[in-house]
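Listing of structure_25.cif; format and content: mmCIF, C-alpha atoms.
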```
data_entry
#
loop_
_atom_site.label_atom_id
_atom_site.label_comp_id
_atom_site.auth_asym_id
_atom_site.auth_seq_id
_atom_site.Cartn_x
_atom_site.Cartn_y
_atom_site.Cartn_z
CA MET A 1 -15.10 53.44 -4.40
CA LEU A 2 -14.67 49.69 -4.79
CA ARG A 3 -15.33 48.46 -8.32
CA ILE A 4 -15.30 44.79 -9.33
CA ILE A 5 -15.57 42.98 -12.65
CA ASP A 6 -18.95 41.31 -13.08
CA ALA A 7 -18.18 37.86 -14.54
CA ARG A 8 -21.54 37.84 -16.35
CA THR A 9 -20.77 40.93 -18.44
CA GLY A 10 -17.02 41.47 -18.16
CA GLU A 11 -17.73 45.07 -17.14
CA PRO A 12 -16.72 46.88 -13.94
CA VAL A 13 -19.51 47.67 -11.51
CA GLU A 14 -19.71 49.30 -8.10
CA ALA A 15 -19.55 46.67 -5.39
CA ALA A 16 -21.75 48.85 -3.18
CA PRO A 17 -23.91 51.22 -5.27
CA ALA A 18 -25.52 52.52 -2.07
CA ARG A 19 -22.59 53.14 0.28
CA ARG A 20 -24.60 52.80 3.47
CA GLY A 21 -26.97 50.21 2.05
CA LEU A 22 -26.67 46.58 3.05
CA THR A 23 -24.65 44.44 0.64
CA ARG A 24 -25.21 40.67 0.61
CA ILE A 25 -22.10 38.57 -0.12
CA GLU A 26 -22.69 34.93 -1.00
CA ALA A 27 -19.71 32.53 -1.10
CA HIS A 28 -20.60 29.55 -3.32
CA VAL A 29 -18.37 26.61 -2.41
CA SER A 30 -18.97 23.01 -3.47
CA GLY A 31 -16.71 21.32 -0.92
CA PHE A 32 -13.60 21.41 1.23
CA ASP A 33 -10.47 21.72 -0.90
CA ALA A 34 -7.87 24.36 -1.81
CA PHE A 35 -10.16 25.82 -4.48
CA GLY A 36 -13.06 26.15 -2.07
CA LEU A 37 -10.82 27.86 0.45
CA ARG A 38 -9.64 30.30 -2.20
CA VAL A 39 -13.25 31.24 -2.96
CA LEU A 40 -13.78 31.90 0.75
CA VAL A 41 -10.61 34.01 0.97
CA VAL A 42 -11.79 36.17 -1.95
CA ALA A 43 -15.23 36.56 -0.38
CA ASP A 44 -13.59 37.50 2.92
CA LEU A 45 -11.46 40.14 1.18
CA LEU A 46 -14.59 41.60 -0.39
CA VAL A 47 -16.32 41.75 3.00
CA ARG A 48 -13.30 43.44 4.58
CA ALA A 49 -12.91 45.96 1.76
CA LEU A 50 -16.57 46.95 1.90
CA GLU A 51 -16.52 47.30 5.68
CA LEU A 52 -13.39 49.48 5.47
CA GLY A 53 -15.41 51.75 3.19
CA GLY A 54 -18.29 51.93 5.67
CA THR A 55 -20.68 49.52 3.90
CA PRO A 56 -22.69 47.09 6.06
CA VAL A 57 -22.32 43.50 4.85
CA TRP A 58 -24.33 40.29 5.26
CA ALA A 59 -21.99 37.36 4.51
CA LEU A 60 -23.47 33.95 3.62
CA LEU A 61 -22.00 30.54 2.78
CA THR A 62 -23.85 28.23 0.39
CA GLY A 63 -23.33 24.53 -0.17
CA ASP A 64 -24.17 21.30 1.59
CA ARG A 65 -20.91 19.32 1.51
CA GLU A 66 -18.15 19.26 4.15
CA GLN A 67 -19.47 22.31 5.95
CA ALA A 68 -17.64 21.55 9.21
CA GLU A 69 -14.31 21.15 7.42
CA LEU A 70 -14.88 24.30 5.40
CA ARG A 71 -15.64 26.36 8.48
CA ALA A 72 -12.61 24.98 10.32
CA GLY A 73 -10.36 25.77 7.36
CA ALA A 74 -11.88 29.22 7.03
CA ALA A 75 -11.28 29.96 10.71
CA ALA A 76 -7.65 28.84 10.38
CA LEU A 77 -7.23 31.24 7.44
CA GLY A 78 -8.55 34.19 9.43
CA ILE A 79 -11.81 34.29 7.46
CA ARG A 80 -14.64 35.88 9.40
CA PRO A 81 -17.66 33.62 10.01
CA PHE A 82 -20.22 33.34 7.21
CA GLU A 83 -23.82 32.55 8.01
CA ASP A 84 -25.45 29.43 6.61
CA SER A 85 -27.59 30.54 3.69
CA ARG A 86 -29.95 27.56 3.80
CA GLY A 87 -33.49 28.64 4.52
CA LEU A 88 -32.68 32.34 4.37
CA GLY A 89 -34.39 34.67 1.96
CA ALA A 90 -33.43 38.14 0.83
CA ALA A 91 -32.62 40.71 3.47
CA LEU A 92 -35.00 43.60 3.88
CA GLY A 93 -33.76 46.55 1.88
CA GLU A 94 -30.47 45.05 0.65
CA ALA A 95 -29.00 47.27 -2.04
CA GLN A 96 -26.68 44.77 -3.73
CA VAL A 97 -26.01 41.04 -3.99
CA VAL A 98 -22.53 39.78 -4.94
CA ARG A 99 -22.03 36.07 -5.55
CA VAL A 100 -18.45 34.81 -5.30
CA GLY A 101 -17.69 31.41 -6.77
CA PRO A 102 -15.77 29.29 -9.30
CA GLU A 103 -15.09 30.72 -12.73
CA GLY A 104 -17.18 29.34 -15.55
CA GLY A 105 -20.50 29.51 -13.72
CA GLY A 106 -22.05 27.91 -10.72
CA ALA A 107 -21.80 30.94 -8.42
CA GLY A 108 -25.50 31.14 -7.78
CA ASP A 109 -26.39 31.56 -11.44
CA GLU A 110 -29.66 29.83 -10.76
CA ALA A 111 -30.55 32.56 -8.28
CA GLY A 112 -30.81 35.24 -10.91
CA GLY A 113 -29.65 38.85 -10.47
CA GLY A 114 -26.74 40.35 -8.66
CA VAL A 115 -23.08 40.60 -9.50
CA ARG A 116 -20.84 37.56 -10.00
CA MET A 117 -17.18 37.48 -8.95
CA ALA A 118 -15.31 34.60 -10.60
CA VAL A 119 -12.40 32.88 -8.86
CA ALA A 120 -9.86 30.75 -10.75
CA PRO A 121 -8.88 27.24 -9.57
CA VAL A 122 -5.97 26.15 -7.38
CA ASP A 123 -3.67 23.33 -8.49
CA THR A 124 -1.97 21.61 -5.58
CA THR A 125 -0.83 18.21 -4.40
CA LEU A 126 -0.39 19.44 -0.84
CA PRO A 127 -2.59 17.86 1.82
CA VAL A 128 -5.50 20.13 2.65
CA THR A 129 -6.64 19.67 6.24
CA PRO A 130 -8.84 21.94 8.37
CA GLY A 131 -5.79 23.19 10.31
CA LEU A 132 -3.88 23.66 7.03
CA ASP A 133 -0.38 24.36 8.33
CA ARG A 134 1.69 25.30 11.31
CA ASP A 135 1.03 28.86 10.17
CA PRO A 136 -2.19 28.94 8.13
CA ALA A 137 -1.51 32.59 7.28
CA ALA A 138 1.16 31.27 4.88
CA TRP A 139 -1.63 29.58 2.89
CA ARG A 140 -3.56 32.85 2.90
CA LEU A 141 -0.57 34.90 1.72
CA ALA A 142 0.27 32.34 -0.99
CA LEU A 143 -3.28 32.70 -2.32
CA LEU A 144 -3.33 36.50 -1.98
CA GLY A 145 -0.23 36.88 -4.12
CA HIS A 146 -2.13 36.11 -7.34
CA PRO A 147 -5.01 37.92 -9.08
CA ARG A 148 -8.23 36.10 -8.26
CA THR A 149 -8.89 35.35 -11.94
CA ARG A 150 -5.49 33.68 -12.44
CA ARG A 151 -5.03 29.97 -11.81
CA VAL A 152 -2.71 29.31 -8.84
CA GLN A 153 -0.04 26.62 -8.57
CA LEU A 154 0.32 26.05 -4.84
CA ASP A 155 3.28 23.86 -3.91
CA ALA A 156 5.77 23.47 -1.07
CA ASP A 157 8.09 26.12 -2.52
CA ALA A 158 5.27 28.68 -2.69
CA LEU A 159 4.32 27.99 0.94
CA ASP A 160 7.96 28.23 2.06
CA GLU A 161 8.30 31.60 0.35
CA ALA A 162 5.10 32.82 1.99
CA ARG A 163 6.35 31.67 5.41
CA ARG A 164 9.63 33.54 4.94
CA THR A 165 7.83 36.71 3.88
CA LEU A 166 5.45 36.52 6.84
CA ALA A 167 8.28 35.93 9.30
CA ARG A 168 10.24 38.89 7.91
CA TRP A 169 7.25 41.23 7.95
CA ARG A 170 6.16 40.22 11.43
CA ARG A 171 9.66 40.76 12.81
CA ALA A 172 9.83 44.13 11.09
CA VAL A 173 6.39 45.22 12.31
CA ALA A 174 7.28 44.24 15.88
CA GLY A 175 10.46 46.30 15.65
CA TRP A 176 8.74 49.29 14.07
CA ALA A 177 6.13 49.24 16.84
CA GLU A 178 8.88 50.25 19.30
CA ARG A 179 9.37 53.56 17.49
CA PRO A 180 7.18 56.68 17.81
CA SER A 181 4.01 56.42 15.75
CA ARG A 182 3.73 58.52 12.61
CA PRO A 183 0.82 58.97 10.17
CA ILE A 184 0.55 56.87 7.05
CA PRO A 185 1.85 59.03 4.18
CA GLY A 186 -1.00 60.24 2.02
CA ASP A 187 0.48 58.85 -1.19
CA VAL A 188 0.94 55.41 0.39
CA ARG A 189 -2.63 55.28 1.70
CA ALA A 190 -3.92 56.39 -1.70
CA ARG A 191 -1.96 53.67 -3.53
CA LEU A 192 -3.16 50.97 -1.14
CA ARG A 193 -6.80 51.94 -1.55
CA ALA A 194 -6.43 52.41 -5.31
CA ALA A 195 -5.14 48.84 -5.53
CA TRP A 196 -7.80 47.07 -3.52
CA GLU A 197 -10.61 49.22 -4.89
CA ASP A 198 -9.59 48.18 -8.42
CA ASP A 199 -11.27 44.75 -8.61
CA LEU A 200 -9.62 43.69 -5.32
CA ASP A 201 -6.08 43.98 -6.69
CA VAL A 202 -4.49 42.51 -3.57
CA PRO A 203 -1.20 41.65 -5.33
CA GLY A 204 -0.95 45.38 -6.07
CA ALA A 205 -1.48 46.19 -2.39
CA LEU A 206 1.23 43.69 -1.44
CA ARG A 207 3.63 45.43 -3.82
CA VAL A 208 2.90 48.72 -2.06
CA LEU A 209 3.89 47.10 1.25
CA GLU A 210 7.09 45.77 -0.26
CA GLY A 211 7.99 49.31 -1.30
CA VAL A 212 7.14 50.73 2.13
CA GLU A 213 9.43 48.16 3.77
CA THR A 214 12.55 49.70 2.19
CA ARG A 215 11.52 53.25 1.22
CA PRO A 216 14.27 55.43 2.71
CA ASP A 217 12.22 58.56 3.42
CA LEU A 218 9.71 56.81 5.73
CA THR A 219 10.04 56.59 9.49
CA ASP A 220 9.60 53.24 11.22
CA GLY A 221 6.49 54.57 12.93
CA ALA A 222 4.91 55.31 9.55
CA ARG A 223 5.87 51.85 8.31
CA PHE A 224 4.16 50.27 11.32
CA GLU A 225 0.95 52.23 10.85
CA THR A 226 0.91 51.37 7.13
CA TYR A 227 1.28 47.65 7.70
CA ALA A 228 -1.29 47.62 10.52
CA TYR A 229 -3.77 49.50 8.32
CA ALA A 230 -3.24 47.24 5.29
CA ASP A 231 -3.65 44.16 7.46
CA ARG A 232 -7.25 45.14 8.15
CA LEU A 233 -7.83 44.00 4.58
CA LEU A 234 -5.14 41.33 4.23
CA GLY A 235 -5.92 39.46 7.45
CA LEU A 236 -2.34 38.15 7.84
CA ASP A 237 -1.96 38.92 11.55
CA LEU A 238 1.08 41.07 10.81
CA THR A 239 1.05 42.64 14.30
CA ARG A 240 1.09 39.23 16.00
CA ASP A 241 4.60 39.62 17.44
CA VAL A 242 4.23 43.19 18.73
CA GLY A 243 5.37 43.26 22.36
CA ARG A 244 7.36 40.06 22.04
CA THR A 245 11.12 39.84 21.88
CA VAL A 246 12.20 40.66 18.31
#
```
Could you quickly redo this structure as structure tokens?
Amino acid sequence: MLRIIDARTGEPVEAAPARRGLTRIEAHVSGFDAFGLRVLVVADLLVRALELGGTPVWALLTGDREQAELRAGAAALGIRPFEDSRGLGAALGEAQVVRVGPEGGGAGDEAGGGVRMAVAPVDTTLPVTPGLDRDPAAWRLALLGHPRTRRVQLDADALDEARRTLARWRRAVAGWAERPSRPIPGDVRARLRAAWEDDLDVPGALRVLEGVETRPDLTDGARFETYAYADRLLGLDLTRDVGRTV
């Protein structure tokens, strides 16, 4: 059961109190910059986590500035499309509304009820363009490596480290894919879900993958299935090189 901290109260709440009920996710972004993209990444993670748990989601993007740039940057980061919220009212029968936006207010506070997820700022001097990078997934991984409520310092060194990690994992996944498939160990699956269901603790999920990479008692087939499963949440395209020359 996914639980998130409501920024209004500081208390954990169920992200989807009615598991099969429609949950409305609103991403509140003021413009196209690294901070806005981080808000969208967090909202995308929430959508993915809820869908993995079987909850239907209606994802909306608010804001009037730099919409084309935001959507291009979001697409580059592997973020699923969000509908334009302008002119849309409440969905019939929605069981929950979660508003994701900057910490300190502004995430749809004027709209009243629902749960607020606060996202901390990003400090960077790197150029932020809609295409982002030769491998935009490096931007995504660099943002995923920090709790969403912690301010991120995003610089060239952080992106280089993310690129190296992605390259290593993609090579490994492509190699593991050549081996016979094996089920994800129950304890590994449980630790992954425990991490992301605890206020979207994605850094915790990444640590689980780091352990799986070198754990001596796991087969390569089990490693492959674990990484492919986790990537349904992470959205890092870890299986991209499967079938290519390793």
Task: Using all atoms listed in the file: which of A:Val29, A:Leu206, A:Val100, A:Val152 has the shortest distance to A:Leu233 - done: A:Leu206
- [ ] Please evaluate the PyMOL selection byres ((chain A and resi 121-124) around 12) against the structure above and give the resulting residues as JSON, numbers by chain.
- [x] {"A": [29, 33, 34, 35, 36, 37, 38, 39, 101, 102, 103, 104, 118, 119, 120, 125, 126, 127, 128, 139, 142, 143, 144, 146, 147, 148, 149, 150, 151, 152, 153, 154, 155, 156, 157, 158, 159]}
Open item on the list: Restricting the calculation to all atoms listed in the file: of A:Leu70, A:Leu238, A:Ala16, A:Leu60, which residue gets closest to A:Arg168?
Closed with: A:Leu238
TODO: May I have the protein, DNA and RNA residues with any atom at most 10 Å from the point (-1.0, 29.9, 8.2), counting only C-alpha atoms, written as a list in words?
DONE: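 Answer for this query, in the requested form: Ala76, Leu77, Gly78, Gly131, Leu132, Asp133, Arg134, Asp135, Pro136, Ala137, Ala138, Trp139, Arg140, Leu141, Ala142, Leu159, Ala162, Arg163, Leu166, Leu236 and Asp237 of chain A.
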- [ ] Have a look at A:Ala59, A:Val98, A:Leu2, A:Leu218 and name the one nearest to A:Arg182; count all atoms listed in the file.
- [x]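 With all atoms listed in the file as the atom set, the closest residue is A:Leu218.
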Task: Hits from the PyMOL selection byres ((chain A and resi 188) around 12), listed as a VMD selection string - done: chain A and resid 183 to 187 189 to 195 205 to 213 215 218 222 to 223 225 to 227 229 to 230
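Atom CA of A:Arg20 to atom CA of A:Ile4 spans 17.7 Å [interatomic distance, one decimal].
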Task: Closest of A:Thr62, A:Thr129, A:Gln67, A:Gln96 to A:Gly21 - atom-to-atom distances counting all atoms listed in the file - done: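 Going through A:Thr62, A:Thr129, A:Gln67, A:Gln96 one by one, the smallest distance to A:Gly21 is for A:Gln96.
Using only C-alpha atoms, the protein and nucleic acid residues lying at most 8 Å from the point (-22.8, 35.7, -7.3) are A:Ile25, A:Glu26, A:Ala27, A:His28, A:Val97, A:Val98, A:Arg99, A:Val100, A:Gly101, A:Ala107, A:Gly108, A:Asp109, A:Gly114, A:Val115, A:Arg116, A:Met117.
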Task: Selection under test: the PyMOL selection byres ((chain A and resi 54) around 12); residues as a PyMOL selection string - done: chain A and resi 1-2+16+18-23+47-53+55-57
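The smallest atom-to-atom distance between A:Glu11 and any of A:Glu161, A:Asp199, A:Asp231, A:Glu66, using all atoms listed in the file, is found for A:Asp199.
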